[in-house]
$ cat final35.cif   # mmCIF, C-alpha atoms
data_input
#
loop_
_atom_site.label_atom_id
_atom_site.label_comp_id
_atom_site.auth_asym_id
_atom_site.auth_seq_id
_atom_site.Cartn_x
_atom_site.Cartn_y
_atom_site.Cartn_z
CA MET A 9 77.84 158.15 -26.59
CA TYR A 10 78.61 159.91 -29.81
CA THR A 11 76.32 161.43 -32.39
CA ILE A 12 76.68 159.95 -35.85
CA GLY A 13 78.66 163.03 -36.90
CA ASP A 14 81.16 162.72 -34.03
CA PHE A 15 81.46 158.95 -34.51
CA ALA A 16 82.16 159.49 -38.20
CA LYS A 17 84.95 161.96 -37.36
CA HIS A 18 86.58 159.58 -34.89
CA GLY A 19 86.28 156.69 -37.33
CA ARG A 20 87.54 158.76 -40.30
CA VAL A 21 84.53 157.76 -42.38
CA SER A 22 81.57 159.61 -43.82
CA ILE A 23 78.14 159.93 -42.23
CA ARG A 24 76.69 158.55 -45.44
CA MET A 25 78.81 155.40 -45.07
CA LEU A 26 77.60 154.87 -41.49
CA ARG A 27 74.00 155.23 -42.60
CA HIS A 28 74.59 152.63 -45.29
CA TYR A 29 76.19 150.22 -42.81
CA ASP A 30 73.18 150.68 -40.56
CA ALA A 31 70.75 150.05 -43.42
CA ILE A 32 72.39 146.72 -44.36
CA GLY A 33 72.84 145.64 -40.75
CA LEU A 34 76.62 145.73 -40.81
CA LEU A 35 77.07 148.32 -38.05
CA ARG A 36 73.95 149.28 -36.12
CA PRO A 37 73.92 152.35 -33.83
CA ALA A 38 74.02 151.61 -30.12
CA ARG A 39 70.84 153.62 -29.74
CA VAL A 40 68.33 155.42 -31.94
CA ASP A 41 66.26 158.21 -30.44
CA PRO A 42 62.64 157.12 -30.99
CA ALA A 43 61.41 160.69 -31.24
CA SER A 44 64.05 162.28 -33.46
CA GLY A 45 65.52 159.20 -35.16
CA TYR A 46 69.04 160.41 -34.32
CA ARG A 47 71.66 157.68 -34.24
CA TYR A 48 74.12 157.35 -31.36
CA TYR A 49 77.22 155.19 -31.18
CA GLU A 50 79.50 153.94 -28.41
CA ALA A 51 83.28 154.28 -28.54
CA GLY A 52 83.59 150.50 -28.35
CA GLN A 53 81.95 150.26 -31.78
CA LEU A 54 85.04 151.81 -33.36
CA ALA A 55 86.65 148.35 -33.11
CA ARG A 56 83.98 146.84 -35.37
CA LEU A 57 84.15 149.83 -37.72
CA ASN A 58 87.92 149.40 -38.02
CA ARG A 59 87.48 145.72 -38.93
CA VAL A 60 84.81 146.54 -41.49
CA ILE A 61 87.06 149.09 -43.21
CA ALA A 62 90.14 146.83 -43.08
CA LEU A 63 88.32 143.85 -44.60
CA LYS A 64 86.71 146.05 -47.23
CA GLU A 65 90.13 147.45 -48.17
CA LEU A 66 91.34 143.88 -48.60
CA GLY A 67 88.71 143.49 -51.28
CA PHE A 68 86.00 141.57 -49.47
CA SER A 69 82.40 142.40 -50.30
CA LEU A 70 80.23 143.89 -47.56
CA ASP A 71 78.26 140.62 -47.41
CA GLN A 72 81.51 138.73 -46.83
CA VAL A 73 82.59 141.28 -44.22
CA GLY A 74 79.32 140.80 -42.35
CA SER A 75 79.68 137.01 -42.40
CA ILE A 76 83.26 137.22 -41.15
CA LEU A 77 82.48 139.61 -38.33
CA ASP A 78 79.39 137.70 -37.25
CA GLU A 79 81.40 134.45 -37.24
CA ARG A 80 79.24 132.79 -39.82
CA VAL A 81 82.50 131.84 -41.54
CA GLY A 82 84.54 129.12 -39.87
CA ALA A 83 88.14 129.74 -38.87
CA GLU A 84 89.59 127.46 -41.56
CA GLU A 85 87.40 129.00 -44.27
CA LEU A 86 88.42 132.47 -43.13
CA ARG A 87 92.10 131.54 -43.29
CA GLY A 88 91.53 130.23 -46.81
CA MET A 89 89.79 133.45 -47.84
CA LEU A 90 92.63 135.54 -46.42
CA ARG A 91 95.31 133.41 -48.11
CA LEU A 92 93.51 133.69 -51.43
CA ARG A 93 93.14 137.44 -51.08
CA ARG A 94 96.82 137.78 -50.13
CA ALA A 95 97.80 135.82 -53.25
CA GLU A 96 95.56 138.03 -55.39
CA LEU A 97 97.07 141.20 -53.92
CA GLU A 98 100.63 139.89 -54.37
CA SER A 99 99.84 139.04 -57.99
CA ALA A 100 98.36 142.50 -58.55
CA MET A 101 101.44 144.10 -56.98
CA ALA A 102 103.75 142.05 -59.21
CA ALA A 103 101.74 143.02 -62.28
CA ALA A 104 101.83 146.68 -61.25
CA ALA A 105 105.60 146.49 -60.72
CA ALA A 106 106.01 144.92 -64.18
CA ARG A 107 103.92 147.69 -65.74
CA LEU A 108 106.02 150.30 -63.95
CA THR A 109 109.20 148.70 -65.31
CA GLN A 110 107.81 148.91 -68.85
CA VAL A 111 106.74 152.53 -68.36
CA GLU A 112 110.27 153.36 -67.16
CA ALA A 113 111.74 151.59 -70.20
CA ARG A 114 109.45 153.53 -72.54
CA LEU A 115 110.37 156.76 -70.75
CA ARG A 116 114.09 156.10 -71.18
CA THR A 117 113.48 155.37 -74.85
CA ILE A 118 111.56 158.62 -75.29
CA GLU A 119 114.25 160.59 -73.44
CA SER A 120 116.93 159.17 -75.76
CA GLU A 121 115.11 160.21 -78.94
CA GLY A 122 117.18 162.55 -81.04
CA SER A 123 120.38 161.81 -79.15
CA MET A 124 123.32 159.83 -80.50
CA SER A 125 123.20 156.18 -79.47
CA THR A 126 126.01 155.02 -77.19
CA VAL A 127 125.51 151.32 -77.89
CA ASP A 128 128.03 149.45 -80.03
CA ILE A 129 126.43 147.55 -82.91
CA VAL A 130 128.36 144.90 -84.81
CA VAL A 131 127.34 143.11 -88.00
CA LYS A 132 128.48 139.51 -88.07
CA SER A 133 127.48 136.02 -89.18
CA LEU A 134 125.80 133.60 -86.79
CA PRO A 135 126.91 129.95 -86.98
CA PRO A 136 124.40 127.10 -87.07
CA VAL A 137 123.79 125.47 -83.69
CA ARG A 138 122.09 122.34 -82.37
CA LEU A 139 119.67 123.18 -79.57
CA VAL A 140 117.57 121.29 -77.11
CA GLU A 141 114.48 123.40 -76.61
CA LEU A 142 111.06 123.86 -75.10
CA THR A 143 108.45 126.17 -76.58
CA GLY A 144 105.52 128.19 -75.34
CA VAL A 145 103.17 130.89 -76.60
CA ALA A 146 103.29 134.48 -75.33
CA GLY A 147 100.39 136.86 -75.85
CA SER A 148 102.67 139.40 -77.53
CA TYR A 149 106.31 140.30 -78.14
CA GLN A 150 106.24 142.79 -75.27
CA PRO A 151 108.71 142.04 -72.44
CA GLN A 152 105.92 141.74 -69.87
CA ASP A 153 104.39 138.91 -71.92
CA ILE A 154 107.64 137.20 -72.90
CA GLY A 155 109.15 137.09 -69.40
CA PRO A 156 106.49 134.95 -67.67
CA VAL A 157 106.72 132.41 -70.52
CA ILE A 158 110.44 132.11 -71.17
CA GLY A 159 111.53 131.98 -67.53
CA PRO A 160 109.59 128.79 -66.67
CA LEU A 161 110.59 127.25 -70.00
CA TYR A 162 114.27 127.58 -69.17
CA ASP A 163 113.73 126.33 -65.61
CA GLU A 164 112.02 123.20 -66.91
CA LEU A 165 114.53 122.73 -69.72
CA CYS A 166 117.47 122.86 -67.32
CA ARG A 167 115.75 120.36 -65.03
CA LEU A 168 115.07 117.91 -67.86
CA ILE A 169 118.53 117.94 -69.42
CA GLU A 170 120.20 117.64 -66.04
CA ALA A 171 118.08 114.58 -65.30
CA ALA A 172 119.12 113.13 -68.67
CA GLY A 173 122.79 113.84 -68.03
CA VAL A 174 123.09 116.20 -71.01
CA VAL A 175 125.52 119.10 -70.59
CA PRO A 176 125.02 122.33 -72.62
CA THR A 177 127.98 123.34 -74.75
CA GLY A 178 127.40 127.10 -74.49
CA PRO A 179 125.02 129.89 -73.50
CA GLY A 180 121.28 129.75 -74.02
CA THR A 181 119.71 130.97 -77.24
CA ALA A 182 116.12 132.19 -77.41
CA TYR A 183 114.37 132.86 -80.68
CA TYR A 184 110.86 133.78 -81.73
CA GLU A 185 108.33 133.45 -84.52
CA ASP A 186 104.69 134.30 -85.06
CA ALA A 187 102.57 131.70 -83.28
CA PRO A 188 100.69 129.65 -85.91
CA GLY A 189 96.94 129.51 -85.41
CA ALA A 190 97.09 131.72 -82.33
CA GLU A 191 95.59 135.10 -81.64
CA ALA A 192 96.98 137.99 -83.70
CA GLY A 193 100.19 139.27 -82.18
CA ALA A 194 100.93 136.07 -80.26
CA VAL A 195 104.52 134.83 -80.39
CA LEU A 196 105.94 131.32 -80.26
CA VAL A 197 108.83 131.41 -77.77
CA HIS A 198 111.74 128.97 -78.23
CA ALA A 199 113.95 128.55 -75.15
CA GLY A 200 117.04 126.64 -76.24
CA LEU A 201 120.41 125.43 -74.97
CA PRO A 202 123.24 124.34 -77.32
CA VAL A 203 124.35 120.71 -77.21
CA GLY A 204 126.76 118.46 -79.05
CA ALA A 205 125.97 117.09 -82.50
CA SER A 206 125.50 113.58 -81.10
CA VAL A 207 122.54 114.50 -78.88
CA ARG A 208 119.21 113.11 -80.09
CA ALA A 209 115.64 113.71 -78.90
CA GLU A 210 115.37 110.11 -77.68
CA ASP A 211 118.25 110.84 -75.27
CA LEU A 212 115.81 113.11 -73.44
CA GLY A 213 112.81 110.82 -73.44
CA GLY A 214 110.92 112.86 -76.02
CA ALA A 215 110.03 115.64 -73.59
CA VAL A 216 112.46 118.08 -75.22
CA ARG A 217 112.86 118.88 -78.92
CA VAL A 218 116.26 118.78 -80.59
CA VAL A 219 116.53 121.29 -83.44
CA ASP A 220 119.30 122.44 -85.74
CA LEU A 221 118.99 126.22 -85.81
CA PRO A 222 120.39 127.40 -89.13
CA GLY A 223 123.13 129.97 -89.31
CA VAL A 224 122.57 133.57 -90.38
CA GLU A 225 124.79 135.15 -93.03
CA ARG A 226 124.59 138.61 -91.49
CA ALA A 227 123.00 139.87 -88.30
CA ALA A 228 123.14 143.21 -86.56
CA THR A 229 124.09 142.55 -82.94
CA VAL A 230 124.20 144.59 -79.78
CA VAL A 231 124.89 143.71 -76.14
CA HIS A 232 122.16 144.55 -73.62
CA ARG A 233 123.19 144.82 -69.98
CA GLY A 234 120.51 144.40 -67.34
CA SER A 235 117.16 142.71 -66.96
CA MET A 236 115.34 141.78 -70.14
CA ASP A 237 112.35 143.60 -68.67
CA ARG A 238 114.29 146.75 -69.61
CA VAL A 239 115.45 145.67 -73.05
CA LEU A 240 113.26 148.12 -74.99
CA PRO A 241 115.75 151.04 -75.26
CA THR A 242 118.49 148.70 -76.48
CA ALA A 243 116.19 146.92 -78.94
CA GLN A 244 114.91 150.20 -80.38
CA ALA A 245 118.45 151.59 -80.66
CA LEU A 246 119.26 148.51 -82.74
CA ALA A 247 116.15 149.07 -84.89
CA ARG A 248 117.09 152.71 -85.51
CA TRP A 249 120.64 151.72 -86.48
CA ILE A 250 119.38 149.10 -88.96
CA ASP A 251 117.10 151.64 -90.63
CA ALA A 252 119.65 154.48 -90.60
CA ASN A 253 122.26 152.28 -92.28
CA GLY A 254 120.03 151.13 -95.11
CA HIS A 255 119.48 147.60 -93.85
CA ARG A 256 116.26 145.66 -93.50
CA SER A 257 115.33 143.30 -90.70
CA ALA A 258 114.69 139.68 -91.68
CA GLY A 259 112.75 138.64 -88.59
CA TYR A 260 112.73 138.54 -84.82
CA ALA A 261 116.02 139.05 -83.01
CA ARG A 262 117.63 136.08 -81.34
CA GLU A 263 118.80 136.46 -77.76
CA LEU A 264 122.11 134.93 -76.70
CA THR A 265 122.43 134.83 -72.90
CA LEU A 266 126.03 135.68 -72.03
CA ALA A 267 125.52 135.99 -68.27
CA CYS A 268 122.47 135.42 -66.05
CA PRO A 269 123.36 135.67 -62.34
CA GLU A 270 120.63 135.82 -59.69
CA ASP A 271 120.69 139.61 -59.83
CA ARG A 272 118.76 140.29 -63.03
CA ASP A 273 120.30 143.76 -63.26
CA GLN A 274 123.64 142.02 -63.92
CA TRP A 275 122.40 139.99 -66.88
CA VAL A 276 124.25 140.30 -70.18
CA THR A 277 122.37 139.40 -73.38
CA GLU A 278 123.35 139.79 -77.00
CA LEU A 279 120.51 140.71 -79.34
CA GLN A 280 121.07 139.26 -82.82
CA GLU A 281 118.72 140.61 -85.50
CA PRO A 282 119.00 138.87 -88.90
CA LEU A 283 119.39 141.20 -91.86
CA ALA A 284 117.72 140.61 -95.21
CA PRO A 285 120.26 139.80 -98.00
CA THR A 286 118.79 142.52 -100.22
CA ALA A 287 119.85 145.14 -97.67
CA TRP A 288 123.49 144.63 -98.58
CA LEU A 289 125.14 146.42 -101.46
#
$ encode --input "final35.cif" --output "structure tokens"
Amino acid sequence: MYTIGDFAKHGRVSIRMLRHYDAIGLLRPARVDPASGYRYYEAGQLARLNRVIALKELGFSLDQVGSILDERVGAEELRGMLRLRRAELESAMAAAAARLTQVEARLRTIESEGSMSTVDIVVKSLPPVRLVELTGVAGSYQPQDIGPVIGPLYDELCRLIEAAGVVPTGPGTAYYEDAPGAEAGAVLVHAGLPVGASVRAEDLGGAVRVVDLPGVERAATVVHRGSMDRVLPTAQALARWIDANGHRSAGYARELTLACPEDRDQWVTELQEPLAPTAWL
């Protein structure tokens, strides 16, 4: 047998933790000296300790851990609990990865401050275009909020127009506006695909809107290469150029998808920021 101190060392836990597990009945000592009150453990109890720690690290409460180990939870219920916890952990990992991507984008933006931009910015007019579109609301204009909204919108839009036999006439165009009646900072996301002038909403069963997006007399444009999760440095380079050249933005930039292979790092997107007429001399 091991003293509580030796058992704690072998289990890589604290004596205080073992005392707490004893107090709540989760891991009782194999023997307690009636005279001294010293606790003694058997080596075989390390197996239960390992399970307690593993389940706790998975996020289960100590009450849940006790029920699982004492088989008060049926096998099917346990599998359900584990599946749910796995999904929660996967979601947390995805969220953490998204936050890391945004931190890296901010860092690259900070590192480029004060240096000459290497992006090529072109001012041009944007022609009017007829779009079939779906819309959704994002919590903010930040990439981590836009991405989870616009991706499913385009997936559903492609599915619907394919079922209707409608063929896009060019690359997708996304555009944004402040979401009416929504929380401050929320953005209405428009995911659109260009179609011929003869396409009507009734051709798509009413599930998809058909809109005529007006042209823009002048827009400052720049090509972003890579995932839109990393668009921040390109977007801010465009903003700095607009300001440095005496122009004024007239609203959210449109996004023209020039290439979107499976590898998001190979995406090519043109940002098109409308310029206010008064900015031109």
$ residues_around --input "final35.cif" --residues "region 30-32 of chain A" --least-positions-apart "4" --cutoff "12 Å" --atoms "all atoms listed in the file" --output "ChimeraX atom specification"
/A:12,23-26,36-40,47-49,57,70-71,73-74
$ resolve_selection --input "final35.cif" --expression "the PyMOL selection byres ((chain A and resi 141-150) around 7)" --output "list in words"
Leu139, Val140, Pro151, Gln152, Asp153, Ile154, Val157, Leu161, Leu165, Ala187, Gly193, Ala194, Val195, Leu196, Val197, His198, Ala199, Gly200, Leu201, Val216, Arg217 and Val218 of chain A
$ atom_distance --input "final35.cif" --atom1 "CA of Leu264 (chain A)" --atom2 "CA of Pro188 (chain A)"
23.9 Å
$ resolve_selection --input "final35.cif" --expression "the PyMOL selection byres ((chain A and resi 72) around 12)" --output "mmCIF file with C-alpha atoms, in the frame of the given file"
data_model
loop_
_atom_site.group_PDB
_atom_site.id
_atom_site.type_symbol
_atom_site.label_atom_id
_atom_site.label_comp_id
_atom_site.auth_asym_id
_atom_site.auth_seq_id
_atom_site.Cartn_x
_atom_site.Cartn_y
_atom_site.Cartn_z
ATOM 1 C CA LEU A 34 76.620 145.730 -40.810
ATOM 2 C CA VAL A 60 84.810 146.540 -41.490
ATOM 3 C CA LEU A 63 88.320 143.850 -44.600
ATOM 4 C CA LYS A 64 86.710 146.050 -47.230
ATOM 5 C CA LEU A 66 91.340 143.880 -48.600
ATOM 6 C CA GLY A 67 88.710 143.490 -51.280
ATOM 7 C CA PHE A 68 86.000 141.570 -49.470
ATOM 8 C CA SER A 69 82.400 142.400 -50.300
ATOM 9 C CA LEU A 70 80.230 143.890 -47.560
ATOM 10 C CA ASP A 71 78.260 140.620 -47.410
ATOM 11 C CA VAL A 73 82.590 141.280 -44.220
ATOM 12 C CA GLY A 74 79.320 140.800 -42.350
ATOM 13 C CA SER A 75 79.680 137.010 -42.400
ATOM 14 C CA ILE A 76 83.260 137.220 -41.150
ATOM 15 C CA LEU A 77 82.480 139.610 -38.330
ATOM 16 C CA ASP A 78 79.390 137.700 -37.250
ATOM 17 C CA GLU A 79 81.400 134.450 -37.240
ATOM 18 C CA ARG A 80 79.240 132.790 -39.820
ATOM 19 C CA VAL A 81 82.500 131.840 -41.540
ATOM 20 C CA GLU A 85 87.400 129.000 -44.270
ATOM 21 C CA LEU A 86 88.420 132.470 -43.130
ATOM 22 C CA MET A 89 89.790 133.450 -47.840
ATOM 23 C CA LEU A 90 92.630 135.540 -46.420
#
$ atom_distance --input "final35.cif" --atom1 "CA of Pro176 (chain A)" --atom2 "CA of Val203 (chain A)"
4.9 Å
